[in-house]
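Enquirer: Please find final-v5.cif (mmCIF, C-alpha atoms and all ligand atoms) on the next line:
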data_input
#
loop_
_atom_site.group_PDB
_atom_site.id
_atom_site.type_symbol
_atom_site.label_atom_id
_atom_site.label_comp_id
_atom_site.auth_asym_id
_atom_site.auth_seq_id
_atom_site.Cartn_x
_atom_site.Cartn_y
_atom_site.Cartn_z
ATOM 1 C CA MET U 227 -17.835 17.295 -7.512
ATOM 2 C CA PHE U 228 -14.665 16.275 -5.674
ATOM 3 C CA ASP U 229 -11.549 16.991 -7.764
ATOM 4 C CA LEU U 230 -9.541 13.783 -7.292
ATOM 5 C CA ASP U 231 -6.872 14.709 -9.868
ATOM 6 C CA GLU U 232 -6.109 17.866 -7.937
ATOM 7 C CA PHE U 233 -6.154 15.963 -4.611
ATOM 8 C CA LEU U 234 -3.733 13.310 -5.896
ATOM 9 C CA ALA U 235 -1.389 15.820 -7.548
ATOM 10 C CA THR U 236 -1.106 18.066 -4.484
ATOM 11 C CA ARG U 237 -0.857 15.194 -1.983
ATOM 12 C CA THR U 238 1.739 13.335 -4.071
ATOM 13 C CA SER U 239 3.887 16.502 -4.169
ATOM 14 C CA SER U 240 3.605 17.115 -0.450
ATOM 15 C CA VAL U 241 4.310 13.438 0.378
ATOM 16 C CA ASN U 242 7.365 13.500 -1.923
ATOM 17 C CA ARG U 243 8.667 16.685 -0.287
ATOM 18 C CA ALA U 244 8.169 15.202 3.178
ATOM 19 C CA LEU U 245 9.880 11.914 2.238
ATOM 20 C CA ASP U 246 12.777 13.904 0.821
ATOM 21 C CA ARG U 247 13.098 15.746 4.142
ATOM 22 C CA TYR U 248 12.810 12.604 6.284
ATOM 23 C CA LEU U 249 15.356 10.490 4.409
ATOM 24 C CA PRO U 250 19.109 10.975 4.679
ATOM 25 C CA SER U 251 20.375 12.760 1.530
ATOM 26 C CA ALA U 252 21.763 10.638 -1.309
ATOM 27 C CA SER U 253 25.301 11.829 -0.481
ATOM 28 C CA THR U 254 25.121 10.873 3.220
ATOM 29 C CA ARG U 255 27.649 8.116 3.959
ATOM 30 C CA PRO U 256 27.357 5.277 3.185
ATOM 31 C CA SER U 257 25.959 6.910 0.050
ATOM 32 C CA THR U 258 25.159 3.667 -1.846
ATOM 33 C CA ILE U 259 22.444 2.679 0.611
ATOM 34 C CA HIS U 260 20.862 6.141 0.662
ATOM 35 C CA GLN U 261 20.917 6.286 -3.121
ATOM 36 C CA ALA U 262 19.284 2.835 -3.299
ATOM 37 C CA MET U 263 16.588 3.771 -0.757
ATOM 38 C CA ARG U 264 15.797 6.928 -2.689
ATOM 39 C CA TYR U 265 15.930 5.157 -6.056
ATOM 40 C CA SER U 266 12.991 2.899 -5.168
ATOM 41 C CA LEU U 267 11.117 5.440 -3.067
ATOM 42 C CA PHE U 268 11.150 8.095 -5.794
ATOM 43 C CA ALA U 269 10.732 5.743 -8.759
ATOM 44 C CA GLY U 270 7.173 6.925 -9.404
ATOM 45 C CA GLY U 271 4.830 4.886 -7.177
ATOM 46 C CA LYS U 272 1.169 5.919 -7.209
ATOM 47 C CA ARG U 273 1.316 6.957 -3.510
ATOM 48 C CA MET U 274 -2.081 5.376 -2.848
ATOM 49 C CA ARG U 275 -1.358 4.487 0.780
ATOM 50 C CA PRO U 276 -0.310 8.033 1.766
ATOM 51 C CA ALA U 277 -3.301 9.424 -0.154
ATOM 52 C CA LEU U 278 -5.635 7.102 1.782
ATOM 53 C CA CYS U 279 -3.985 8.091 5.060
ATOM 54 C CA LEU U 280 -4.395 11.830 4.369
ATOM 55 C CA ALA U 281 -7.958 11.357 3.097
ATOM 56 C CA ALA U 282 -8.895 9.410 6.256
ATOM 57 C CA SER U 283 -7.431 12.172 8.385
ATOM 58 C CA ALA U 284 -9.543 14.723 6.475
ATOM 59 C CA ALA U 285 -12.672 12.562 6.989
ATOM 60 C CA CYS U 286 -12.127 12.928 10.731
ATOM 61 C CA GLY U 287 -11.390 16.659 10.589
ATOM 62 C CA GLY U 288 -7.585 16.281 10.735
ATOM 63 C CA LYS U 289 -4.809 18.183 9.003
ATOM 64 C CA ASP U 290 -2.402 16.856 6.337
ATOM 65 C CA ALA U 291 0.687 18.210 8.076
ATOM 66 C CA VAL U 292 -0.167 16.309 11.250
ATOM 67 C CA ALA U 293 -0.853 13.013 9.428
ATOM 68 C CA MET U 294 2.186 13.368 7.146
ATOM 69 C CA PRO U 295 4.760 11.361 9.168
ATOM 70 C CA LEU U 296 2.340 8.412 9.262
ATOM 71 C CA ALA U 297 1.533 8.723 5.536
ATOM 72 C CA CYS U 298 5.283 8.656 4.790
ATOM 73 C CA ALA U 299 5.923 5.750 7.166
ATOM 74 C CA VAL U 300 3.442 3.476 5.366
ATOM 75 C CA GLU U 301 4.924 4.401 1.983
ATOM 76 C CA CYS U 302 8.389 3.396 3.253
ATOM 77 C CA ILE U 303 7.046 0.021 4.418
ATOM 78 C CA HIS U 304 5.216 -0.501 1.136
ATOM 79 C CA THR U 305 8.352 0.349 -0.892
ATOM 80 C CA TYR U 306 10.487 -1.999 1.215
ATOM 81 C CA SER U 307 8.020 -4.831 0.553
ATOM 82 C CA LEU U 308 8.234 -4.207 -3.207
ATOM 83 C CA VAL U 309 12.063 -4.124 -3.177
ATOM 84 C CA HIS U 310 12.183 -7.446 -1.314
ATOM 85 C CA ASP U 311 9.324 -8.966 -3.308
ATOM 86 C CA ASP U 312 11.271 -8.332 -6.527
ATOM 87 C CA LEU U 313 14.436 -10.108 -5.316
ATOM 88 C CA PRO U 314 15.524 -13.307 -7.091
ATOM 89 C CA ALA U 315 14.672 -15.301 -3.944
ATOM 90 C CA MET U 316 11.090 -13.986 -4.063
ATOM 91 C CA ASP U 317 9.286 -13.007 -7.296
ATOM 92 C CA ASP U 318 12.525 -12.391 -9.235
ATOM 93 C CA ASP U 319 11.435 -9.348 -11.196
ATOM 94 C CA ASP U 320 13.481 -6.951 -13.307
ATOM 95 C CA TYR U 321 11.017 -4.124 -13.612
ATOM 96 C CA ARG U 322 9.098 -2.045 -11.038
ATOM 97 C CA ARG U 323 7.544 1.401 -11.068
ATOM 98 C CA GLY U 324 8.641 1.696 -14.688
ATOM 99 C CA LYS U 325 12.323 1.202 -13.885
ATOM 100 C CA PRO U 326 14.824 -1.646 -13.400
ATOM 101 C CA THR U 327 14.377 -3.152 -9.934
ATOM 102 C CA SER U 328 16.724 -2.268 -7.065
ATOM 103 C CA HIS U 329 18.820 -5.462 -7.270
ATOM 104 C CA LYS U 330 19.274 -4.959 -11.034
ATOM 105 C CA VAL U 331 20.801 -1.541 -10.393
ATOM 106 C CA TYR U 332 22.574 -1.973 -7.047
ATOM 107 C CA GLY U 333 23.034 -5.755 -6.749
ATOM 108 C CA GLU U 334 21.228 -8.147 -4.434
ATOM 109 C CA GLY U 335 23.133 -7.319 -1.264
ATOM 110 C CA ILE U 336 22.404 -3.587 -1.416
ATOM 111 C CA ALA U 337 18.774 -4.236 -2.459
ATOM 112 C CA VAL U 338 18.246 -6.418 0.640
ATOM 113 C CA LEU U 339 19.788 -3.708 2.802
ATOM 114 C CA ALA U 340 17.829 -0.909 1.090
ATOM 115 C CA GLY U 341 14.598 -2.808 1.900
ATOM 116 C CA ASP U 342 15.724 -3.317 5.502
ATOM 117 C CA ALA U 343 16.656 0.354 5.800
ATOM 118 C CA LEU U 344 13.309 1.528 4.395
ATOM 119 C CA LEU U 345 11.458 -0.664 6.892
ATOM 120 C CA THR U 346 13.496 0.748 9.766
ATOM 121 C CA GLN U 347 13.154 4.277 8.410
ATOM 122 C CA ALA U 348 9.364 3.884 8.567
ATOM 123 C CA PHE U 349 9.482 3.447 12.342
ATOM 124 C CA GLU U 350 11.849 6.374 12.760
ATOM 125 C CA ILE U 351 9.489 8.605 10.767
ATOM 126 C CA ALA U 352 6.413 7.338 12.632
ATOM 127 C CA ALA U 353 8.142 8.123 15.908
ATOM 128 C CA ARG U 354 8.198 11.767 14.790
ATOM 129 C CA ALA U 355 4.383 11.910 14.793
ATOM 130 C CA ARG U 356 3.319 13.716 17.889
ATOM 131 C CA GLY U 357 0.883 11.216 19.424
ATOM 132 C CA TRP U 358 -2.719 12.087 20.277
ATOM 133 C CA PRO U 359 -4.928 11.872 23.376
ATOM 134 C CA ARG U 360 -6.583 8.608 22.229
ATOM 135 C CA TYR U 361 -3.575 7.278 20.313
ATOM 136 C CA SER U 362 -0.211 7.299 22.012
ATOM 137 C CA HIS U 363 3.083 6.693 20.225
ATOM 138 C CA GLN U 364 2.943 3.161 21.571
ATOM 139 C CA LYS U 365 -0.413 2.541 19.844
ATOM 140 C CA LEU U 366 0.855 3.971 16.543
ATOM 141 C CA ILE U 367 4.022 1.893 16.534
ATOM 142 C CA LEU U 368 2.016 -1.203 17.461
ATOM 143 C CA GLU U 369 -0.338 -0.511 14.562
ATOM 144 C CA LEU U 370 2.502 -0.253 12.038
ATOM 145 C CA ALA U 371 4.448 -3.214 13.446
ATOM 146 C CA ARG U 372 1.371 -5.471 13.368
ATOM 147 C CA ALA U 373 0.492 -4.569 9.777
ATOM 148 C CA ALA U 374 4.069 -5.214 8.600
ATOM 149 C CA GLY U 375 4.772 -8.258 10.791
ATOM 150 C CA SER U 376 4.613 -12.027 10.568
ATOM 151 C CA LEU U 377 0.858 -12.177 11.179
ATOM 152 C CA GLN U 378 -0.017 -9.787 8.332
ATOM 153 C CA LEU U 379 2.234 -8.552 5.473
ATOM 154 C CA ILE U 380 4.878 -11.250 5.941
ATOM 155 C CA ALA U 381 2.208 -13.921 6.573
ATOM 156 C CA GLY U 382 0.605 -12.994 3.244
ATOM 157 C CA GLN U 383 3.935 -13.265 1.476
ATOM 158 C CA VAL U 384 4.666 -16.663 3.082
ATOM 159 C CA ALA U 385 1.253 -18.028 2.042
ATOM 160 C CA ASP U 386 1.752 -16.538 -1.438
ATOM 161 C CA LEU U 387 5.148 -18.232 -1.834
ATOM 162 C CA GLU U 388 3.911 -21.538 -0.475
ATOM 163 C CA GLY U 389 0.795 -21.409 -2.661
ATOM 164 C CA GLU U 390 2.693 -21.108 -5.958
ATOM 165 C CA GLY U 391 1.756 -23.903 -8.336
ATOM 166 C CA LYS U 392 -0.985 -25.156 -5.984
ATOM 167 C CA LYS U 393 -4.733 -25.038 -6.503
ATOM 168 C CA LEU U 394 -6.030 -22.735 -3.764
ATOM 169 C CA SER U 395 -9.617 -22.257 -2.676
ATOM 170 C CA ALA U 396 -11.242 -18.799 -2.715
ATOM 171 C CA ALA U 397 -10.948 -18.786 1.114
ATOM 172 C CA GLN U 398 -7.200 -19.470 0.954
ATOM 173 C CA LEU U 399 -6.786 -16.736 -1.630
ATOM 174 C CA ARG U 400 -8.696 -14.322 0.573
ATOM 175 C CA TYR U 401 -6.343 -15.183 3.471
ATOM 176 C CA ILE U 402 -3.391 -14.129 1.272
ATOM 177 C CA HIS U 403 -5.033 -10.937 0.024
ATOM 178 C CA GLU U 404 -6.113 -9.863 3.506
ATOM 179 C CA ARG U 405 -2.543 -10.043 4.718
ATOM 180 C CA LYS U 406 -0.393 -9.273 1.685
ATOM 181 C CA THR U 407 -2.346 -6.219 0.571
ATOM 182 C CA SER U 408 -5.340 -5.265 2.685
ATOM 183 C CA ALA U 409 -3.502 -5.073 6.037
ATOM 184 C CA LEU U 410 -1.179 -2.209 5.025
ATOM 185 C CA LEU U 411 -3.900 -0.332 3.127
ATOM 186 C CA CYS U 412 -6.190 -0.656 6.131
ATOM 187 C CA CYS U 413 -3.372 0.445 8.433
ATOM 188 C CA SER U 414 -2.844 3.563 6.245
ATOM 189 C CA VAL U 415 -6.496 4.516 6.612
ATOM 190 C CA ARG U 416 -6.592 3.788 10.353
ATOM 191 C CA MET U 417 -3.446 5.799 11.025
ATOM 192 C CA GLY U 418 -4.949 8.754 9.135
ATOM 193 C CA GLY U 419 -7.940 8.585 11.469
ATOM 194 C CA MET U 420 -5.718 8.212 14.532
ATOM 195 C CA SER U 421 -3.754 11.320 13.527
ATOM 196 C CA ALA U 422 -7.051 13.225 13.772
ATOM 197 C CA ASN U 423 -7.707 11.683 17.195
ATOM 198 C CA CYS U 424 -10.792 9.956 15.739
ATOM 199 C CA SER U 425 -13.460 8.440 17.970
ATOM 200 C CA PRO U 426 -13.652 4.621 18.454
ATOM 201 C CA PRO U 427 -16.765 4.342 16.189
ATOM 202 C CA GLN U 428 -14.958 6.388 13.513
ATOM 203 C CA LEU U 429 -11.950 4.057 13.770
ATOM 204 C CA ARG U 430 -14.229 1.031 13.363
ATOM 205 C CA ALA U 431 -15.818 2.585 10.255
ATOM 206 C CA LEU U 432 -12.377 3.393 8.799
ATOM 207 C CA THR U 433 -11.258 -0.182 9.476
ATOM 208 C CA ARG U 434 -14.256 -1.546 7.539
ATOM 209 C CA PHE U 435 -13.518 0.872 4.712
ATOM 210 C CA GLY U 436 -9.774 0.059 4.626
ATOM 211 C CA TYR U 437 -10.286 -3.706 4.814
ATOM 212 C CA ASN U 438 -12.698 -3.737 1.860
ATOM 213 C CA VAL U 439 -10.769 -1.230 -0.252
ATOM 214 C CA GLY U 440 -7.611 -3.249 0.430
ATOM 215 C CA LEU U 441 -9.198 -6.473 -0.799
ATOM 216 C CA ALA U 442 -10.702 -4.742 -3.841
ATOM 217 C CA PHE U 443 -7.247 -3.277 -4.587
ATOM 218 C CA GLN U 444 -5.686 -6.747 -4.839
ATOM 219 C CA VAL U 445 -8.545 -8.188 -6.926
ATOM 220 C CA ILE U 446 -8.057 -5.311 -9.376
ATOM 221 C CA ASP U 447 -4.273 -5.837 -9.252
ATOM 222 C CA ASP U 448 -4.853 -9.486 -10.244
ATOM 223 C CA ILE U 449 -7.169 -8.404 -13.083
ATOM 224 C CA LEU U 450 -4.665 -5.810 -14.365
ATOM 225 C CA ASP U 451 -1.914 -8.421 -14.350
ATOM 226 C CA VAL U 452 -3.775 -10.331 -17.079
ATOM 227 C CA THR U 453 -5.369 -7.428 -18.967
ATOM 228 C CA GLN U 454 -2.689 -4.715 -19.132
ATOM 229 C CA THR U 455 0.774 -4.370 -20.639
ATOM 230 C CA SER U 456 4.027 -4.103 -18.668
ATOM 231 C CA GLU U 457 4.499 -0.568 -20.055
ATOM 232 C CA LYS U 458 1.159 0.535 -18.665
ATOM 233 C CA LEU U 459 1.696 -1.134 -15.272
ATOM 234 C CA GLY U 460 5.363 -0.192 -14.860
ATOM 235 C CA LYS U 461 5.964 -3.788 -13.726
ATOM 236 C CA THR U 462 6.035 -7.123 -15.535
ATOM 237 C CA ALA U 463 2.510 -8.020 -16.659
ATOM 238 C CA GLY U 464 1.377 -11.659 -16.829
ATOM 239 C CA LYS U 465 3.680 -12.561 -13.939
ATOM 240 C CA ASP U 466 0.970 -14.273 -11.877
ATOM 241 C CA THR U 467 0.099 -16.726 -14.665
ATOM 242 C CA LYS U 468 3.776 -17.397 -15.394
ATOM 243 C CA SER U 469 4.588 -18.169 -11.781
ATOM 244 C CA LYS U 470 1.349 -20.206 -11.405
ATOM 245 C CA LYS U 471 -0.012 -17.955 -8.688
ATOM 246 C CA ALA U 472 -3.526 -18.306 -7.413
ATOM 247 C CA THR U 473 -5.452 -15.152 -8.345
ATOM 248 C CA TYR U 474 -9.119 -14.212 -8.538
ATOM 249 C CA PRO U 475 -9.165 -14.292 -12.384
ATOM 250 C CA ALA U 476 -7.509 -17.751 -12.284
ATOM 251 C CA ILE U 477 -9.995 -19.123 -9.744
ATOM 252 C CA VAL U 478 -13.312 -17.444 -10.644
ATOM 253 C CA GLY U 479 -12.643 -15.816 -14.042
ATOM 254 C CA LEU U 480 -12.420 -12.147 -15.082
ATOM 255 C CA LYS U 481 -16.133 -11.332 -15.067
ATOM 256 C CA LYS U 482 -16.742 -12.675 -11.556
ATOM 257 C CA SER U 483 -13.509 -11.032 -10.338
ATOM 258 C CA ARG U 484 -14.798 -7.623 -11.494
ATOM 259 C CA LYS U 485 -18.082 -8.287 -9.722
ATOM 260 C CA ILE U 486 -16.232 -9.163 -6.506
ATOM 261 C CA ALA U 487 -14.159 -5.951 -6.716
ATOM 262 C CA GLU U 488 -17.386 -3.943 -7.168
ATOM 263 C CA GLN U 489 -19.043 -5.652 -4.197
ATOM 264 C CA LEU U 490 -16.044 -4.961 -1.976
ATOM 265 C CA THR U 491 -15.960 -1.317 -3.081
ATOM 266 C CA ASN U 492 -19.669 -0.970 -2.323
ATOM 267 C CA ARG U 493 -19.024 -2.284 1.189
ATOM 268 C CA ALA U 494 -16.253 0.296 1.512
ATOM 269 C CA PHE U 495 -18.630 3.075 0.399
ATOM 270 C CA ALA U 496 -21.220 1.940 2.952
ATOM 271 C CA ALA U 497 -18.657 2.252 5.751
ATOM 272 C CA LEU U 498 -18.209 5.946 4.919
ATOM 273 C CA LYS U 499 -21.820 6.944 5.662
ATOM 274 C CA PRO U 500 -21.122 8.347 9.169
ATOM 275 C CA PHE U 501 -18.527 10.791 7.791
ATOM 276 C CA GLY U 502 -20.879 12.538 5.361
ATOM 277 C CA LYS U 503 -19.258 15.039 3.002
ATOM 278 C CA LYS U 504 -15.948 14.903 4.856
ATOM 279 C CA ALA U 505 -15.339 11.477 3.299
ATOM 280 C CA ALA U 506 -15.392 12.881 -0.268
ATOM 281 C CA ALA U 507 -11.679 12.153 -0.814
ATOM 282 C CA LEU U 508 -11.931 8.603 0.572
ATOM 283 C CA GLU U 509 -14.976 7.909 -1.580
ATOM 284 C CA ALA U 510 -13.306 9.271 -4.719
ATOM 285 C CA LEU U 511 -10.167 7.211 -3.990
ATOM 286 C CA ALA U 512 -12.171 3.983 -3.578
ATOM 287 C CA GLU U 513 -13.884 4.594 -6.907
ATOM 288 C CA TYR U 514 -10.585 5.438 -8.586
ATOM 289 C CA LEU U 515 -8.962 2.269 -7.228
ATOM 290 C CA LEU U 516 -11.822 0.179 -8.625
ATOM 291 C CA LYS U 517 -11.615 1.773 -12.077
ATOM 292 C CA ARG U 518 -7.839 2.200 -12.316
ATOM 293 C CA ASP U 519 -5.945 0.822 -15.292
ATOM 294 C CA ARG U 520 -2.456 0.737 -13.764
HETATM 295 C C1 LIG U 601 7.895 -8.658 3.030
HETATM 296 C C2 LIG U 601 9.151 -9.568 1.019
HETATM 297 C C3 LIG U 601 7.913 -9.042 1.624
HETATM 298 C C4 LIG U 601 6.814 -8.945 0.879
HETATM 299 C C5 LIG U 601 5.543 -8.534 1.411
HETATM 300 C C6 LIG U 601 3.556 -6.549 -0.258
HETATM 301 C C7 LIG U 601 4.278 -7.804 -0.581
HETATM 302 C C8 LIG U 601 4.431 -8.837 0.447
HETATM 303 C C9 LIG U 601 4.779 -7.975 -1.799
HETATM 304 C C10 LIG U 601 4.693 -6.986 -2.885
HETATM 305 C C11 LIG U 601 4.126 -7.472 -4.151
HETATM 306 C C12 LIG U 601 2.657 -7.416 -4.208
HETATM 307 C C13 LIG U 601 1.985 -7.921 -5.437
HETATM 308 C C14 LIG U 601 1.990 -6.947 -3.214
HETATM 309 C C15 LIG U 601 0.593 -6.778 -3.127
HETATM 310 C C16 LIG U 601 0.295 -5.346 -2.952
HETATM 311 C C17 LIG U 601 0.390 -4.635 -4.239
HETATM 312 C C18 LIG U 601 -0.658 -4.863 -5.255
HETATM 313 C C19 LIG U 601 1.399 -3.810 -4.437
HETATM 314 C C20 LIG U 601 1.507 -2.860 -5.540
HETATM 315 O O1 LIG U 601 0.991 -1.656 -5.034
HETATM 316 P P1 LIG U 601 0.801 -0.359 -5.931
HETATM 317 O O2 LIG U 601 0.067 -0.714 -7.185
HETATM 318 O O3 LIG U 601 2.309 -0.007 -6.293
HETATM 319 O O4 LIG U 601 0.205 0.703 -5.072
HETATM 320 P P2 LIG U 601 3.011 1.429 -6.493
HETATM 321 O O5 LIG U 601 4.314 1.087 -7.174
HETATM 322 O O6 LIG U 601 2.117 2.285 -7.348
HETATM 323 O O7 LIG U 601 3.223 2.005 -5.141
#
Let me see whether you can do it: turn the structure in this file into structure tokens.
Ligand code: GRG
Expert:
Amino acid sequence: MFDLDEFLATRTSSVNRALDRYLPSASTRPSTIHQAMRYSLFAGGKRMRPALCLAASAACGGKDAVAMPLACAVECIHTYSLVHDDLPAMDDDDYRRGKPTSHKVYGEGIAVLAGDALLTQAFEIAARARGWPRYSHQKLILELARAAGSLQLIAGQVADLEGEGKKLSAAQLRYIHERKTSALLCCSVRMGGMSANCSPPQLRALTRFGYNVGLAFQVIDDILDVTQTSEKLGKTAGKDTKSKKATYPAIVGLKKSRKIAEQLTNRAFAALKPFGKKAAALEALAEYLLKRDR
């Protein structure tokens, strides 16, 4: 039996240590921005994207230490997106990762800059990865930039904002989920594989896995928003309904939403077949993400 608790505990510690090393210290001038970056980064996120990156590296025979800069880079991008998403001009939220949001503590100006700085920091950290025979630095930076750019993460956010209060079809909702959530999760998995110099068929299998796990992740996130408390989630529950967002539970109901998340997870499992036992961590993570309650 794969010990996922042990995997998550050890990987979270090593990711936190690496992030601490990569980021300027809290006292580095101008200290406000470095404190704000660290405040959100170390607020207690679940570190699912780095865990997926390291697990994908392991599936391809890679080493954690080699994948670490890429695992940390995706976490910086993810944290930036949360800081900006919480701003009054976006979702206007007071609570994230169990703490007051960045703009509540540091003010809007510093929160905008902290998000910008985390995004930039991600590329600086990724540039420290050594590059591999099949995957040059150029390919890695392209991968990250595409996932975070105006065709993926930002596109998802734009469609999400523009869809508020409108009745969206399941296809339109899928468009949002693919970009807002699945793209960065998939990128985390792919970069883990790249750090192990994975073969093209392995990269295709990881892409299928990451795409489906990413979609399942957002369906579950939508379900948790209506079934869990803010205390449990560490962010404001019921926000989607309040801001009239299109979600799977709103469009197809809770029961069907759970079924869809299961189907997506099964597709993710199927993609892992070629990796055999080496994919134990990825498989356990996909199951955990389906059954999570926060
Ligand atoms: C570029 C402003 C801007 C936004 C990008 C990612 C995003 C769009 C907005 C963030 C809000 C949101 C609901 C995103 C979907 C992805 C998601 C479910 C994020 C929460 O991820 P978790 O649960 O969070 O892994 P922790 O805090 O555990 O890391």
Enquirer: Could you write out as a VMD selection string the residues that the PyMOL selection byres (((chain U and resi 340-357) around 8) and not hetatm) matches in the shown file?
Expert: chain U and resid 248 to 249 259 to 260 262 to 263 292 to 293 295 to 296 298 to 303 305 to 307 309 to 310 336 to 339 358 to 359 361 to 363 366 to 367 370 421
Enquirer: How would you write, as a PyMOL selection string, the residues chosen by the PyMOL selection byres (((not hetatm)) within 6 of (chain U and resi 601)) on this structure?
Expert: chain U and resi 271-274+307-308+310-311+323+379-380+383+406-407+444+447
Enquirer: Given the choices U:Ala371, U:Leu245, U:Ala431, U:Ala281, which gets closest to Arg264 of chain U if the distance is worked out from only C-alpha atoms?
Expert: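 Using only C-alpha atoms, the shortest distance to Arg264 of chain U belongs to U:Leu245.
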Enquirer: With distances taken over only C-alpha atoms, which of U:Leu377, U:Leu498, U:Val445, U:Leu234 is nearest to Leu399 of chain U?
Expert: U:Val445
Enquirer: Find the spatial neighbours of segment 469-478 of chain U, counting only C-alpha atoms, within a cut-off of 10 Å - ignore same-chain residues fewer than 5 positions away - and output them as number ranges by chain.
Expert: U: 317, 386-396, 398-400, 402-403, 444-452, 464, 483-484, 486-487
Enquirer: Can you write out the residues you just picked, keeping C-alpha atoms, as an mmCIF file, in the frame of the given file?
Expert:
data_model
loop_
_atom_site.group_PDB
_atom_site.id
_atom_site.type_symbol
_atom_site.label_atom_id
_atom_site.label_comp_id
_atom_site.auth_asym_id
_atom_site.auth_seq_id
_atom_site.Cartn_x
_atom_site.Cartn_y
_atom_site.Cartn_z
ATOM 1 C CA ASP U 317 9.286 -13.007 -7.296
ATOM 2 C CA ASP U 386 1.752 -16.538 -1.438
ATOM 3 C CA LEU U 387 5.148 -18.232 -1.834
ATOM 4 C CA GLU U 388 3.911 -21.538 -0.475
ATOM 5 C CA GLY U 389 0.795 -21.409 -2.661
ATOM 6 C CA GLU U 390 2.693 -21.108 -5.958
ATOM 7 C CA GLY U 391 1.756 -23.903 -8.336
ATOM 8 C CA LYS U 392 -0.985 -25.156 -5.984
ATOM 9 C CA LYS U 393 -4.733 -25.038 -6.503
ATOM 10 C CA LEU U 394 -6.030 -22.735 -3.764
ATOM 11 C CA SER U 395 -9.617 -22.257 -2.676
ATOM 12 C CA ALA U 396 -11.242 -18.799 -2.715
ATOM 13 C CA GLN U 398 -7.200 -19.470 0.954
ATOM 14 C CA LEU U 399 -6.786 -16.736 -1.630
ATOM 15 C CA ARG U 400 -8.696 -14.322 0.573
ATOM 16 C CA ILE U 402 -3.391 -14.129 1.272
ATOM 17 C CA HIS U 403 -5.033 -10.937 0.024
ATOM 18 C CA GLN U 444 -5.686 -6.747 -4.839
ATOM 19 C CA VAL U 445 -8.545 -8.188 -6.926
ATOM 20 C CA ILE U 446 -8.057 -5.311 -9.376
ATOM 21 C CA ASP U 447 -4.273 -5.837 -9.252
ATOM 22 C CA ASP U 448 -4.853 -9.486 -10.244
ATOM 23 C CA ILE U 449 -7.169 -8.404 -13.083
ATOM 24 C CA LEU U 450 -4.665 -5.810 -14.365
ATOM 25 C CA ASP U 451 -1.914 -8.421 -14.350
ATOM 26 C CA VAL U 452 -3.775 -10.331 -17.079
ATOM 27 C CA GLY U 464 1.377 -11.659 -16.829
ATOM 28 C CA SER U 483 -13.509 -11.032 -10.338
ATOM 29 C CA ARG U 484 -14.798 -7.623 -11.494
ATOM 30 C CA ILE U 486 -16.232 -9.163 -6.506
ATOM 31 C CA ALA U 487 -14.159 -5.951 -6.716
#
Enquirer: Interatomic distance between atom CA of Lys517 of chain U and atom CA of Thr433 of chain U?
Expert: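 That distance, rounded to one decimal, is 21.6 Å.
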Enquirer: Would you please work out which residue, of U:Ala282, U:Val384, U:Val331, U:Ala374, is nearest to Leu508 of chain U when using all atoms listed in the file?
Expert: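 Answer, going by the shortest atom-to-atom distance: U:Ala282.
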Enquirer: Assuming 5 Å of padding per side, give the centre and edge lengths of the axis-aligned box around every listed atom of segment 267-286 of chain U, in Å to one decimal and as lines of an AutoDock Vina configuration file.
Expert:
center_x = -0.8
center_y = 9.6
center_z = 0.7
size_x = 33.8
size_y = 20.2
size_z = 30.1
Enquirer: Residues picked by the PyMOL selection byres (((chain U and resi 428) around 12) and not hetatm) here, as a ChimeraX atom specification?
Expert: /U:282-283,285-287,415-420,422-427,429-435,497-502,505
Enquirer: Distance atom CA of Thr453 of chain U-atom CA of Lys481 of chain U, one decimal place?
Expert: 12.1 Å
Enquirer: Within 9 Å of (-10.0, 0.9, -7.0), only C-alpha atoms: residues as a list in words?
Expert: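 Applying the cut-off with only C-alpha atoms, one gets Val439, Gly440, Ala442, Phe443, Ile446, Ala487, Glu488, Thr491, Leu511, Ala512, Glu513, Tyr514, Leu515, Leu516, Lys517 and Arg518 of chain U.
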Enquirer: What does the structure give for the distance between atom CA of Glu369 of chain U and atom CA of Tyr437 of chain U, in Å to one decimal?
Expert: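 The value is 14.3 Å.
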Enquirer: Taking all atoms listed in the file into account, which of U:Gln378, U:Ser414, U:Ser240, U:Thr462 comes nearest Asp312 of chain U?
Expert: U:Thr462
Enquirer: Nearest to Ala494 of chain U: which of U:Ser376, U:Gln261, U:Asn438, U:Thr254 is it, counting only C-alpha atoms?
Expert: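 So, comparing all the options, the nearest one is U:Asn438.
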Enquirer: List the neighbours of segment 454-457 of chain U out to 8 Å using all atoms listed in the file; skip same-chain residues closer than 4 positions along the sequence, and give me the result as a list in words.
Expert: Gly324, Leu450, Lys461, Thr462, Ala463, Asp519 and Arg520 of chain U
Enquirer: Any chance you could export the current selection's C-alpha atoms as a PDB file, keeping the file's coordinate frame?
Expert:
ATOM      1  CA  GLY U 324       8.641   1.696 -14.688  1.00  0.00           C
ATOM      2  CA  LEU U 450      -4.665  -5.810 -14.365  1.00  0.00           C
ATOM      3  CA  LYS U 461       5.964  -3.788 -13.726  1.00  0.00           C
ATOM      4  CA  THR U 462       6.035  -7.123 -15.535  1.00  0.00           C
ATOM      5  CA  ALA U 463       2.510  -8.020 -16.659  1.00  0.00           C
ATOM      6  CA  ASP U 519      -5.945   0.822 -15.292  1.00  0.00           C
ATOM      7  CA  ARG U 520      -2.456   0.737 -13.764  1.00  0.00           C
TER       8      ARG U 520
END
Enquirer: Given the choices U:Met316, U:Leu368, U:Ala269, U:Leu441, which gets closest to Arg493 of chain U if the distance is worked out from only C-alpha atoms?
Expert: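 Of U:Met316, U:Leu368, U:Ala269, U:Leu441, the one nearest Arg493 of chain U, counting only C-alpha atoms, is U:Leu441.
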